[in-house]
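K.L.:
Quick one: structure below, then a few questions.
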Amino acid sequence: MPDTQTLVNDFVIKLKRRKVEGAQATAKQTAELLRSVISQQRVPYTNQAGVLIEAVRAVGEQLIAANPMELAVGNVVRRVLHIIREENVSLATNAIGRLSVLAGSDDEDDDERGDCPVLSAAAVAAAARSTLRPPSLHTLLEDLPDLGAAHHTSSSGGDSEGKSKSADKCSRSRKLKHDVIEAVNELIEDIDTCHEQIAEQAVEHIHHNEVILTLGSSRTVIEFLCAAKEKQRSFRVFVAEGGPRYQGHALAKELVARGLQTTVITDSAVFAMISRVNMVIVGAHAIMANGGVVTPVGLNMVALAAKKHAVPFVVVAGSHKLCPLYPHNPEVLLNDLRSPSELLDFGEFSDCMDFGCSGGAPLLNVVNPAFDYVPPNLVSLFITDTGGHPPSYMYRLIADYYSADDFHMLIAEFKLLLEKHGTEGFLRKFERLLEGVGSGPRRKDKMHMIVVIK
């Protein structure tokens with residue numbers, strides 16, 4: 001079996017060369033790679049969750065840097081980090097629960113037990129999470145329960161208690177990786193079946209004799225429309241051709257092959273045709289934390305037209321496309337420029353691109369963006385594998401799927417600043433960096449990262 005670094009390097013090359021097509025395939029392969037990293041990672045006797053988190057984070061930073069525009073990679077990395085944290089907390093809670101049961105069954109040491117506080121589930125969870133935090137002055141001063149002190153007993157009977165603790169730690173050592181891998185397997189299955197789970201909801205949203213407009217080529221949209229057709233819904237689909245790559249042509253061909261009445265229109269005709277449309281259904285490249293959407297280019301125009309004519313604008317996307325970042329975050333790239341050859345024939349326009357005139361600058365420039373950003377006020381509904389949600393509900397899904405500690409890859413961010421400005425220049429920016437994060441938990445994390453990188 002190839003070693004972990006070989007697998008990581010191979011996938012990094014695929015991401016850089018854009019060899020992986022589609023967010024679902026990218027998310028699935030990322031999850032499978034991280035599962036291999038976790039499986040092959042050797043963990044110490046203590047702080048196993050911390051070691052797994054560092055290993056996943058290190059690999060995740062390489063993958064994100066390989067193709068920052070593919071936000072599904074970062075989403076899956078953060079989902080896996082969240083899984084590790086939650087499984088660690090769950091095991092810690094269960095372990096303390098077993099110890100509490102054993103202590104409660106011993107009737108001979110009532111007086112001694114009276115001196116030992118019983119830890120609540122919340123206290124155990126706080127203690128477990130504290131082991132995953134980087135060391136800082138704030139962490140050292142936090143009043144978290146000391147598990148060792150809470151269960152300290154006299155030397156009598158200490159040998160038997162020590163053996164039970166040792167056995168419990170060994171059991172937890174084996175179980176943590178197993179539970180994390182099982183949870184990652186469930187994540188991979190959810191990614192693999194997201195189209196089917198979304199398509200099951202089609203009959204609730206598409207009705208007889210409706211006209212649906214779509215733009216772009218999305219497998220989720222295709223399965224959603226075809227699922228409604230299979231439920232005997234009779235409707236027509238308007239497909240905007242989606243220039244300059246004209247993905248709408250292939251989409252229309254596939255819809256016709258599966259028995260749907262389809263009409264192809266030009267992108268510039270969207271506003272003229274929108275008054276005949278009952279609903280706009282589109283896919284997404286990524287769903288941002290504020291409810292905005294990164295979509296194929298041209299969909300912002302469609303969303304504005306839909307808003308003007310009070311036509312519902314519905315986005316169908318798997319939960320692996322839900323990104324916990326905001327559009328204004330510096331690590332978020334909202335667009336990607338494709339080859340100008342998709343727009344113009346260089347042979348035909350070569351005389352307009354003569355670098356010899358106008359001081360070496362060509363008179364004709366070509367810009368070919370790949371994506372649009374649709375703000376949340378233009379979106380009516382998100383349909384994901386967990387159901388339908390308004391844009392204002394995205395924050396709740398983010399809280400379920402991600403941990404706040406993993407929203408930003410701070411180590412990579414500070415390394416870039418250090419390389420760019422040098423040590424002295426970096427330290428001069430110290431106060432401004434802290435001002436940007438106020439006095440919340442991100443301030444503590446950034447202070448720690450500065451110390452670590454120095």
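Here's how to read the names in the structure tokens: chain A, B, ... by the order shown, residue numbers from 1 in each chain, ligand numbers from 1 in the order shown.
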Contacts of region 380-382 of chain A at 6 Å or less, counting only C-alpha atoms, minus same-chain residues fewer than 4 places along, as a ChimeraX atom specification?
P.N.:
/A:312-316,388-390
K.L.:
Go ahead and write the residues just picked, N, CA and C atoms, as a PDB file, in the first residue's frame.
P.N.:
```pdb
ATOM      1  N   PRO A 312     -39.238  32.414  -7.704  1.00  0.00           N
ATOM      2  CA  PRO A 312     -38.370  31.773  -6.709  1.00  0.00           C
ATOM      3  C   PRO A 312     -37.049  31.313  -7.332  1.00  0.00           C
ATOM      4  N   PHE A 313     -35.966  31.614  -6.638  1.00  0.00           N
ATOM      5  CA  PHE A 313     -34.622  31.215  -7.068  1.00  0.00           C
ATOM      6  C   PHE A 313     -34.131  30.141  -6.096  1.00  0.00           C
ATOM      7  N   VAL A 314     -34.100  28.896  -6.549  1.00  0.00           N
ATOM      8  CA  VAL A 314     -33.817  27.742  -5.685  1.00  0.00           C
ATOM      9  C   VAL A 314     -32.450  27.160  -6.038  1.00  0.00           C
ATOM     10  N   VAL A 315     -31.638  26.899  -5.021  1.00  0.00           N
ATOM     11  CA  VAL A 315     -30.307  26.314  -5.196  1.00  0.00           C
ATOM     12  C   VAL A 315     -30.311  24.904  -4.624  1.00  0.00           C
ATOM     13  N   VAL A 316     -29.909  23.925  -5.435  1.00  0.00           N
ATOM     14  CA  VAL A 316     -29.803  22.542  -4.965  1.00  0.00           C
ATOM     15  C   VAL A 316     -28.321  22.192  -4.872  1.00  0.00           C
ATOM     16  N   GLY A 388     -34.856  21.318   2.966  1.00  0.00           N
ATOM     17  CA  GLY A 388     -34.893  22.682   2.453  1.00  0.00           C
ATOM     18  C   GLY A 388     -34.666  23.700   3.555  1.00  0.00           C
ATOM     19  N   HIS A 389     -33.838  24.713   3.264  1.00  0.00           N
ATOM     20  CA  HIS A 389     -33.482  25.720   4.267  1.00  0.00           C
ATOM     21  C   HIS A 389     -33.415  27.091   3.618  1.00  0.00           C
ATOM     22  N   PRO A 390     -33.855  28.133   4.318  1.00  0.00           N
ATOM     23  CA  PRO A 390     -33.666  29.504   3.822  1.00  0.00           C
ATOM     24  C   PRO A 390     -32.214  29.937   4.015  1.00  0.00           C
TER      25      PRO A 390
END
```
K.L.:
List every residue of region 222-378 of chain A that DSSP, applied to the backbone of this structure, assigns to alpha helix (DSSP H), and report them as a ChimeraX atom specification.
P.N.:
/A:222-230,247-257,270-273,299-308
K.L.:
I'd like to know which of A:Val332, A:Ala183, A:Leu215, A:Ala289 is closest to Tyr393 (chain A), using only C-alpha atoms.
P.N.:
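Answer, going by the shortest atom-to-atom distance: A:Ala289.
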K.L.:
Quick one: residues within 9 Å of Asn185 (chain A), only C-alpha atoms, excluding same-chain residues fewer than 5 positions away - as a PyMOL selection string?
P.N.:
chain A and resi 31-32+35+180+190
K.L.:
Enumerate the residues of region 244-364 of chain A with a DSSP assignment of strand (DSSP E or B), computed from the backbone, and present them as an NGL selection string.
P.N.:
:A and (261-265 or 279-282 or 286-287 or 293-296 or 313-316 or 322 or 337)
K.L.:
Pick out the closest residue to Leu7 (chain A) from this set: A:Lys177, A:Val51, A:Val282, A:Val37. Count only C-alpha atoms.
P.N.:
A:Val37
K.L.:
Smallest atom-to-atom distance to Ile274 (chain A): which of A:Leu213, A:Leu299, A:Leu333, A:Asn290, using only C-alpha atoms?
P.N.:
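Checking each of A:Leu213, A:Leu299, A:Leu333, A:Asn290 against Ile274 (chain A), counting only C-alpha atoms, the winner is A:Leu213.
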K.L.:
For the contact check between region 280-302 of chain A and region 70-94 of chain A, emit one row per residue of region 280-302 of chain A within 10 Å, containing the shortest atom pair and the distance in Å rounded to one decimal, counting only C-alpha atoms, chain then rising number order, as CSV.
P.N.:
```
residue,atom,partner,partner_atom,distance
A:His285,CA,A:Leu71,CA,8.1
A:Ala286,CA,A:Leu71,CA,6.7
A:Ile287,CA,A:Leu71,CA,9.4
A:Met288,CA,A:Leu71,CA,9.7
A:Val294,CA,A:Leu71,CA,9.9
```
K.L.:
Keeping all heavy atoms, export the residues of the selection given above as a compact mmCIF listing (two decimals), in the first residue's frame.
P.N.:
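Writing the result to selection_7.txt gives the following:
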```txt
# COMPACT_ATOMS: atom_id res chain seq x y z
N HIS A 285 -21.44 26.06 -6.92
CA HIS A 285 -20.05 25.66 -6.69
C HIS A 285 -19.75 25.62 -5.19
O HIS A 285 -19.04 24.74 -4.71
CB HIS A 285 -19.10 26.62 -7.39
CG HIS A 285 -17.65 26.32 -7.18
ND1 HIS A 285 -17.02 25.24 -7.74
CD2 HIS A 285 -16.71 26.96 -6.43
CE1 HIS A 285 -15.76 25.22 -7.38
NE2 HIS A 285 -15.53 26.26 -6.58
N ALA A 286 -20.30 26.57 -4.46
CA ALA A 286 -20.12 26.62 -3.01
C ALA A 286 -21.20 27.50 -2.40
O ALA A 286 -21.68 28.44 -3.04
CB ALA A 286 -18.74 27.16 -2.64
N ILE A 287 -21.59 27.16 -1.17
CA ILE A 287 -22.54 27.97 -0.40
C ILE A 287 -21.78 28.60 0.76
O ILE A 287 -21.19 27.89 1.58
CB ILE A 287 -23.70 27.12 0.14
CG1 ILE A 287 -24.44 26.42 -1.02
CG2 ILE A 287 -24.68 27.97 0.94
CD1 ILE A 287 -25.48 25.42 -0.56
N MET A 288 -21.77 29.92 0.82
CA MET A 288 -20.98 30.61 1.83
C MET A 288 -21.76 30.71 3.15
O MET A 288 -22.96 30.46 3.21
CB MET A 288 -20.59 31.99 1.34
CG MET A 288 -19.92 32.00 -0.03
SD MET A 288 -18.53 30.85 -0.17
CE MET A 288 -17.37 31.58 0.98
N VAL A 294 -21.61 30.81 -4.60
CA VAL A 294 -20.68 30.89 -5.73
C VAL A 294 -21.23 29.95 -6.80
O VAL A 294 -21.36 28.74 -6.58
CB VAL A 294 -19.26 30.47 -5.32
CG1 VAL A 294 -18.32 30.57 -6.51
CG2 VAL A 294 -18.76 31.35 -4.18
```
K.L.:
Considering only C-alpha atoms, can you say which of A:Gly283, A:Pro44, A:Gly292, A:Pro340 comes closest to Pro369 (chain A)?
P.N.:
A:Pro340
K.L.:
Could you tell me which of A:Gly216, A:Pro2, A:Pro68, A:Pro244 comes closest to Val367 (chain A) if we count only C-alpha atoms?
P.N.:
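Among the listed residues, the smallest separation from Val367 (chain A) belongs to A:Pro244.
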K.L.:
Between CA of Lys253 (chain A) and CA of Thr214 (chain A), what distance in Å does the model show, to one decimal?
P.N.:
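One can read the CA of Lys253 (chain A) to CA of Thr214 (chain A) distance as 13.7 Å.
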K.L.:
Set the distance at 12 Å and use only C-alpha atoms: which residues neighbour Leu337 (chain A) once local chain neighbours fewer than 4 positions away are removed? I'd like the list as an MDAnalysis selection string.
P.N.:
chainID A and resid 69 297 333 341:343 366:372
K.L.:
Output C-alpha atoms for every residue in the selection just made, as a tab-separated table (two decimals), in the first residue's frame.
P.N.:
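The new file result.tsv reads:
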```tsv
chain	number	residue	atom	x	y	z
A	69	MET	CA	-10.79	27.91	-5.63
A	297	VAL	CA	-20.93	32.62	-14.46
A	333	LEU	CA	-11.20	33.20	-3.93
A	341	SER	CA	-9.45	30.85	-26.25
A	342	GLU	CA	-12.96	29.87	-25.08
A	343	LEU	CA	-14.10	33.34	-26.20
A	366	VAL	CA	-9.95	39.12	-22.90
A	367	VAL	CA	-11.40	38.28	-19.46
A	368	ASN	CA	-13.18	34.95	-19.04
A	369	PRO	CA	-14.39	34.47	-15.42
A	370	ALA	CA	-15.70	31.07	-14.41
A	371	PHE	CA	-18.00	32.00	-11.51
A	372	ASP	CA	-20.56	34.48	-10.27
```
